[in-house]
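Let me begin by presenting the structure, written as structure tokens, before commenting on it.
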Amino acid sequence: MRTLAIAGFALACCSRPLAADDLPELKVHGSLRVLATPEEYPEWFSLKAGPDPGFERELLEGFAQLRRLKLEVVLVNSFDLIIPALLEGRGDVIQGIIDTPTRRAQIAFTAEVLPSRHLAASLKSQSAPKTLAELRARKVGVVAGTTWADVARANVPAGQITTFARGEDVLKALHTGTVNATVFVLSEFLSTRRVDPEIDAGLFLGPRVSAAWGVRQKDVELRRALDEYLGFKKQSMAWSQLVVKYFGSDARRILNRVDE
């Protein structure tokens with residue numbers, strides 16, 4: 001199925017060569033350098049290649065293959081350092097980043113990879129907050145430098161918020177009782193519940209947002225090529241199959257709720 005999808009895309013784009021030559025910023029390295037952090041969710045982006053590399057990695061591997069490039073993972077210690085790493089030229093693409101006006105002032109974004117919203121969550125034993133009043137009464141753990149933290153600060157008193165360096169630290173804090181709620185991006189929630197079934201969803205927070213790929217503002221051709229690739233993939237059956245494969249049979253129903 002994946003081979004057929006790649007062949008179909010190549011035929012659709014046969015008017016120009018599918019090679020790194022039309023992306024000179026990548027030709028130098030011979031690879032698509034994808035920025036990631038050590039705590040990436042494997043359902044989203046596995047740090048290692050394999051038969052199930054994660055939703056975004058499988059997409060980016062397909063793009064790299066079409067462009068006759070290798071996919072190279074460049075690790076950044078924490079998420080709040082990932083945009084500076086891109087701007088410093090340490091990588092070409094940030095995967096799994098929420099498109100916001102503040103970030104657009106620094107980098108460019110591709111077309112939407114998945115729709116998303118932020119939501120409050122907790123362990124089932126703690127009962128996820130279903131109202132804003134319930135959330136404001138909780139001790140809320142978030143990851144530094146993320147939109148999770150931004151949304152939490154917009155809805156919860158500062159004294160109720162504890163910041164952690166990594167997502168796994170937030171989960172540990174939930175299980176030990178250091179905090180009793182968190183704020184997720186929906187895509188991260190879908191990944192987390194696959195490895196921690198005790199995580200339960202609460203109320204949505206804020207407006208609809210987009211999970212996309214980030215590139216440097218000067219890399220216009222790379223962004224155009226990624227947008228073209230995403231457009232084709234979304235029109236194929238492979239897209240829905242990937243969503244179900246990595247996020248569960250009810251993932252499409254949950255993703256459709258973001259516009260409620």
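Chain labels run A, B, ... following the order of the structure tokens; each chain numbers its residues from 1, and ligands are numbered from 1 in the order shown.
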
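Neighbours of Val156 in chain A closer than or equal to 9 Å, with only C-alpha atoms counted and sequence neighbours fewer than 4 positions away skipped, come out as A:Leu132, A:Leu135, A:Arg136, A:Ala137, A:Arg138, A:Val140, A:Val151, A:Ala152, A:Gln160, A:Ile161.
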
Would you write out those residues with C-alpha atoms, as a short mmCIF file (atom, residue, chain, number, x, y, z; two decimals), in the first residue's frame?
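Once written, part-v4.cif looks like this:
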```cif
data_model
loop_
_atom_site.label_atom_id
_atom_site.label_comp_id
_atom_site.auth_asym_id
_atom_site.auth_seq_id
_atom_site.Cartn_x
_atom_site.Cartn_y
_atom_site.Cartn_z
CA LEU A 132 -13.09 25.53 34.15
CA LEU A 135 -9.49 22.93 36.57
CA ARG A 136 -8.72 26.16 38.41
CA ALA A 137 -8.93 24.31 41.71
CA ARG A 138 -6.36 21.72 40.61
CA VAL A 140 -1.69 21.61 37.08
CA VAL A 151 -3.01 27.66 27.69
CA ALA A 152 -2.67 26.65 31.34
CA GLN A 160 -1.54 26.39 40.79
CA ILE A 161 0.86 25.61 37.91
#
```

Discussion item. What does the structure give for the distance between CA of Leu222 in chain A and CA of Ser236 in chain A, in Å to one decimal?
Written reply: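 Atom-to-atom, CA of Leu222 in chain A to CA of Ser236 in chain A, that is 21.7 Å.
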
Fill in: Separation of CA of Gly231 in chain A from CA of Thr102 in chain A in Å
25.2 Å

Item to complete: List every residue of range 28-229 of chain A that DSSP, applied to the backbone of this structure, assigns to strand (DSSP E), and report them as a PyMOL selection string.
Response: chain A and resi 31-36+70-75+93-98+108-109+114-123+140-143+161-164+181-185+199-215

Item to complete: Run DSSP on the backbone of this structure and report the residues of range 69-236 of chain A it assigns to alpha helix (DSSP H), as a PyMOL selection string.
Response: chain A and resi 82-87+101-104+132-136+147-155+167-176+186-195+220-234

Contacts of Val76 in chain A within 10 Å, only C-alpha atoms, excl. fewer than 4 positions in-chain, as a PDB file with N, CA and C atoms, in the first residue's frame:
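Written out: part34.pdb:
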```pdb
ATOM      1  N   LEU A  35      14.164  17.828  13.578  1.00  0.00           N
ATOM      2  CA  LEU A  35      14.429  18.138  14.976  1.00  0.00           C
ATOM      3  C   LEU A  35      13.401  17.470  15.883  1.00  0.00           C
ATOM      4  N   ALA A  36      13.877  16.848  16.940  1.00  0.00           N
ATOM      5  CA  ALA A  36      13.000  16.150  17.885  1.00  0.00           C
ATOM      6  C   ALA A  36      13.629  16.203  19.258  1.00  0.00           C
ATOM      7  N   THR A  37      12.842  15.891  20.283  1.00  0.00           N
ATOM      8  CA  THR A  37      13.350  15.828  21.651  1.00  0.00           C
ATOM      9  C   THR A  37      13.414  14.375  22.104  1.00  0.00           C
ATOM     10  N   PRO A  38      14.210  14.069  23.124  1.00  0.00           N
ATOM     11  CA  PRO A  38      14.369  12.669  23.553  1.00  0.00           C
ATOM     12  C   PRO A  38      13.085  12.012  24.023  1.00  0.00           C
ATOM     13  N   ASP A  80      11.626  23.645  24.553  1.00  0.00           N
ATOM     14  CA  ASP A  80      11.766  25.098  24.489  1.00  0.00           C
ATOM     15  C   ASP A  80      13.019  25.533  23.736  1.00  0.00           C
ATOM     16  N   LEU A  81      13.893  24.584  23.396  1.00  0.00           N
ATOM     17  CA  LEU A  81      15.110  24.886  22.639  1.00  0.00           C
ATOM     18  C   LEU A  81      14.983  24.516  21.163  1.00  0.00           C
ATOM     19  N   ILE A  82      13.815  24.008  20.761  1.00  0.00           N
ATOM     20  CA  ILE A  82      13.716  23.440  19.419  1.00  0.00           C
ATOM     21  C   ILE A  82      13.643  24.510  18.326  1.00  0.00           C
ATOM     22  N   ILE A  83      12.953  25.621  18.574  1.00  0.00           N
ATOM     23  CA  ILE A  83      12.923  26.703  17.584  1.00  0.00           C
ATOM     24  C   ILE A  83      14.298  27.356  17.447  1.00  0.00           C
ATOM     25  N   PRO A  84      14.989  27.666  18.548  1.00  0.00           N
ATOM     26  CA  PRO A  84      16.355  28.171  18.400  1.00  0.00           C
ATOM     27  C   PRO A  84      17.260  27.227  17.606  1.00  0.00           C
ATOM     28  N   ALA A  85      17.101  25.916  17.804  1.00  0.00           N
ATOM     29  CA  ALA A  85      17.918  24.954  17.060  1.00  0.00           C
ATOM     30  C   ALA A  85      17.642  25.039  15.560  1.00  0.00           C
ATOM     31  N   LEU A  86      16.366  25.204  15.183  1.00  0.00           N
ATOM     32  CA  LEU A  86      16.018  25.360  13.771  1.00  0.00           C
ATOM     33  C   LEU A  86      16.642  26.636  13.211  1.00  0.00           C
ATOM     34  N   ARG A  90      20.567  23.849  12.787  1.00  0.00           N
ATOM     35  CA  ARG A  90      20.902  22.492  13.216  1.00  0.00           C
ATOM     36  C   ARG A  90      19.973  21.452  12.608  1.00  0.00           C
ATOM     37  N   GLY A  91      18.853  21.875  12.071  1.00  0.00           N
ATOM     38  CA  GLY A  91      17.916  20.967  11.424  1.00  0.00           C
ATOM     39  C   GLY A  91      17.128  21.706  10.366  1.00  0.00           C
TER      40      GLY A  91
END
```

Discussion item. Neighbouring residues of Leu26 in chain A were defined as those with any atom within 12 Å, considering only C-alpha atoms; residues of the same chain fewer than 3 positions away were excluded. Please report them as an MDAnalysis selection string.
Written reply: chainID A and resid 19:23 29:34 64 67:72 89 91:93 219 221:222

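With only C-alpha atoms as the atoms that count, the residue of A:Phe63, A:Phe164, A:Phe204, A:Phe232 with the shortest distance to Ala128 in chain A is A:Phe204.
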
Fill in: Exercise: Phe45 in chain A partners within 7 Å, only C-alpha atoms, chain neighbours under 2 positions left out, as a PyMOL selection string
chain A and resi 40-43+47+53-57

Discussion item. Could you tell me how far CA of Ser116 in chain A sits from CA of Gln241 in chain A, in Å to one decimal place?
Written reply: 18.3 Å

Worksheet entry | Among the residues A:Leu123, A:Leu114, A:Ala105, A:Leu230, the one that comes closest to Gly177 in chain A [using only C-alpha atoms] |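 That would be A:Leu123, the residue with the smallest distance to Gly177 in chain A.
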
Fill in: Nearest to Leu171 in chain A, chosen from A:Pro197, A:Gly141, A:Pro101, A:Pro157, with only C-alpha atoms counted in the distances
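Selected residue with least distance to Leu171 in chain A: A:Gly141.
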
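Of the listed residues A:Ser210, A:Asp169, A:Met237, A:Asp227, the one whose atoms come nearest to Pro115 in chain A is A:Ser210, with distances taken using only C-alpha atoms.
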
Item to complete: Compare A:Trp148, A:Phe189, A:Phe184, A:Phe79 by their minimum atom-to-atom distance to Phe247 in chain A, counting only C-alpha atoms, and give me the closest one.
Response: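 Closest candidate: A:Phe189.
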